[in-house]
Amino acid sequence: MAKVGKACGRVINGLHLYSIMDPLVEHLFETPAPEILKKFQNFLKRVDKRVILKQLPDLHEAAFEKVNCLDCARCCKNYSPRFKMPDIKRISKVMGMKETAFIDKYLSMDNEGDYVVKTRPCPFLATNNECSIYDHRPSDCERFPYTDEDVFFKRPAITLKNAEFCPAVHDVMMGLLSKG
Ligand code: SF4
Ligand code: SF4
């Protein structure tokens, strides 16, 4: 993925994914991206970040009551987390592989020196959209989509990019905007 950013752990390839919207989540993306971007940036300029941080847990929970990741998996299908060395050590051990063999088989190094998956969808994504290494998945995957962390508003450009494909990010963003 040519990177636009990855503060949220996902490497983003700059695709405008509204164009490949699936009907399952289409209704969540009614506002065009440039309009949301402008609103979100203006919102961040005027609203106390401590207030936002307090609102995030409820908005996060509300978003994931509407969105089922197992019906989506758009992140795992289209992007790669970073596999940091602790991730590689942990996952390769569980898989009974040497770290070097694990890297050779599944990973390549990107132009920022991070290990990312060689192929997409992620090789650990099962056909039912479950993660086959869920309990041991990379920390980037564990934290994504950062809807209950300060990263959400500290890196607005990344959040906006994530909102282009992740309905939960989009929903939390719209929830914040509706309160502002
Ligand atoms: S985190 Fe977002 S993009 Fe990934 S599966 Fe869940 S809803 Fe979809
Ligand atoms: S490791 Fe699991 S959670 Fe992470 S991208 Fe791959 S399938 Fe998705």
# chains A, B, ... in the order shown; residues from 1 in each chain; ligands from 1
$ residues_near_ligand --ligand "ligand 2" --cutoff "7 Å" --atoms "only C-alpha atoms and all ligand atoms" --output "PDB file with C-alpha atoms, in the first residue's frame"
ATOM      1  CA  CYS A  75      -9.714  -3.395   6.976  1.00  0.00           C
ATOM      2  CA  CYS A  76      -8.339  -6.946   6.853  1.00  0.00           C
ATOM      3  CA  SER A  80      -2.153  -4.260   6.413  1.00  0.00           C
ATOM      4  CA  PRO A  81      -1.257  -3.704  10.018  1.00  0.00           C
ATOM      5  CA  CYS A 122      -4.558 -10.603   5.016  1.00  0.00           C
ATOM      6  CA  PRO A 123      -3.477 -14.270   4.945  1.00  0.00           C
ATOM      7  CA  PHE A 124      -4.865 -14.705   8.450  1.00  0.00           C
ATOM      8  CA  LEU A 125      -8.360 -13.678   7.466  1.00  0.00           C
ATOM      9  CA  GLU A 130     -12.745 -14.265  11.420  1.00  0.00           C
ATOM     10  CA  CYS A 131      -9.098 -13.687  12.217  1.00  0.00           C
ATOM     11  CA  SER A 132      -7.346 -17.040  12.477  1.00  0.00           C
ATOM     12  CA  ILE A 133      -4.781 -15.581  14.889  1.00  0.00           C
ATOM     13  CA  TYR A 134      -7.230 -13.381  16.779  1.00  0.00           C
ATOM     14  CA  ARG A 137      -2.986 -10.698  16.345  1.00  0.00           C
ATOM     15  CA  PRO A 138      -0.699  -7.687  15.881  1.00  0.00           C
ATOM     16  CA  CYS A 141      -5.136  -4.935  14.758  1.00  0.00           C
TER      17      CYS A 141
END
$ residues_near_ligand --ligand "ligand 1" --cutoff "7 Å" --atoms "only C-alpha atoms and all ligand atoms" --output "mmCIF file with N, CA and C atoms, in the first residue's frame"
data_model
loop_
_atom_site.group_PDB
_atom_site.id
_atom_site.type_symbol
_atom_site.label_atom_id
_atom_site.label_comp_id
_atom_site.auth_asym_id
_atom_site.auth_seq_id
_atom_site.Cartn_x
_atom_site.Cartn_y
_atom_site.Cartn_z
ATOM 1 N N VAL A 67 -22.455 -1.838 13.829
ATOM 2 C CA VAL A 67 -21.524 -2.428 12.863
ATOM 3 C C VAL A 67 -20.969 -3.732 13.410
ATOM 4 N N ASN A 68 -21.079 -4.780 12.630
ATOM 5 C CA ASN A 68 -20.489 -6.060 13.010
ATOM 6 C C ASN A 68 -19.260 -6.292 12.141
ATOM 7 N N CYS A 69 -18.103 -6.317 12.760
ATOM 8 C CA CYS A 69 -16.859 -6.491 11.994
ATOM 9 C C CYS A 69 -16.869 -7.773 11.160
ATOM 10 N N LEU A 70 -17.573 -8.775 11.650
ATOM 11 C CA LEU A 70 -17.606 -10.039 10.904
ATOM 12 C C LEU A 70 -18.426 -9.930 9.620
ATOM 13 N N CYS A 72 -18.047 -7.245 7.814
ATOM 14 C CA CYS A 72 -17.336 -6.191 7.093
ATOM 15 C C CYS A 72 -15.937 -6.665 6.664
ATOM 16 N N ALA A 73 -15.020 -6.685 7.611
ATOM 17 C CA ALA A 73 -13.625 -7.108 7.359
ATOM 18 C C ALA A 73 -12.936 -6.282 6.278
ATOM 19 N N ARG A 74 -13.422 -5.077 6.049
ATOM 20 C CA ARG A 74 -12.817 -4.276 4.981
ATOM 21 C C ARG A 74 -11.380 -3.896 5.312
ATOM 22 N N CYS A 75 -11.093 -3.713 6.593
ATOM 23 C CA CYS A 75 -9.714 -3.395 6.976
ATOM 24 C C CYS A 75 -8.800 -4.578 6.645
ATOM 25 N N CYS A 76 -9.189 -5.763 7.069
ATOM 26 C CA CYS A 76 -8.339 -6.946 6.853
ATOM 27 C C CYS A 76 -8.234 -7.307 5.369
ATOM 28 N N PHE A 144 -7.082 -1.160 16.371
ATOM 29 C CA PHE A 144 -7.875 -0.596 15.281
ATOM 30 C C PHE A 144 -9.366 -0.794 15.556
ATOM 31 N N PRO A 145 -10.263 0.171 15.261
ATOM 32 C CA PRO A 145 -10.035 1.394 14.498
ATOM 33 C C PRO A 145 -9.831 2.655 15.353
ATOM 34 N N PHE A 165 -13.309 3.921 4.792
ATOM 35 C CA PHE A 165 -13.638 2.503 4.575
ATOM 36 C C PHE A 165 -14.225 1.826 5.812
ATOM 37 N N CYS A 166 -13.995 2.424 6.983
ATOM 38 C CA CYS A 166 -14.487 1.778 8.204
ATOM 39 C C CYS A 166 -15.776 2.450 8.672
ATOM 40 N N PRO A 167 -16.883 1.737 8.622
ATOM 41 C CA PRO A 167 -18.153 2.339 9.034
ATOM 42 C C PRO A 167 -18.173 2.753 10.503
ATOM 43 N N ALA A 168 -17.386 2.065 11.344
ATOM 44 C CA ALA A 168 -17.373 2.429 12.766
ATOM 45 C C ALA A 168 -16.704 3.792 12.965
ATOM 46 N N VAL A 169 -15.606 4.014 12.266
ATOM 47 C CA VAL A 169 -14.916 5.312 12.358
ATOM 48 C C VAL A 169 -15.837 6.415 11.861
#
$ select_by_dssp --residues "region 30-120 of chain A" --states "strand (DSSP E)" --output "PyMOL selection string"
chain A and resi 107-109+115-117
$ write_last_selection --atoms "C-alpha atoms" --output "tab-separated table (two decimals), in the first residue's frame"
chain	number	residue	atom	x	y	z
A	107	LEU	CA	5.62	-10.50	5.26
A	108	SER	CA	7.46	-7.92	3.24
A	109	MET	CA	9.13	-4.75	4.36
A	115	TYR	CA	6.80	-5.42	8.08
A	116	VAL	CA	3.39	-5.68	6.41
A	117	VAL	CA	1.53	-8.59	4.86
$ closest_residue --among "A:Leu37, A:Tyr146, A:Glu164, A:His170" --to "Lys66 (chain A)" --atoms "only C-alpha atoms"
A:His170
$ residues_around --residues "Arg46 (chain A)" --least-positions-apart "6" --cutoff "12 Å" --atoms "only C-alpha atoms" --output "PDB file with C-alpha atoms, in the first residue's frame"
ATOM      1  CA  LYS A  39     -16.546  19.737   9.264  1.00  0.00           C
ATOM      2  CA  PHE A  40     -14.320  17.486  11.354  1.00  0.00           C
ATOM      3  CA  ILE A  52     -14.242  14.603  23.023  1.00  0.00           C
ATOM      4  CA  LEU A 177     -20.098  16.209  14.791  1.00  0.00           C
ATOM      5  CA  GLY A 180     -20.602  19.748  18.317  1.00  0.00           C
TER       6      GLY A 180
END
$ atom_distance --atom1 "CA of Gly113 (chain A)" --atom2 "CA of Ile88 (chain A)"
14.5 Å
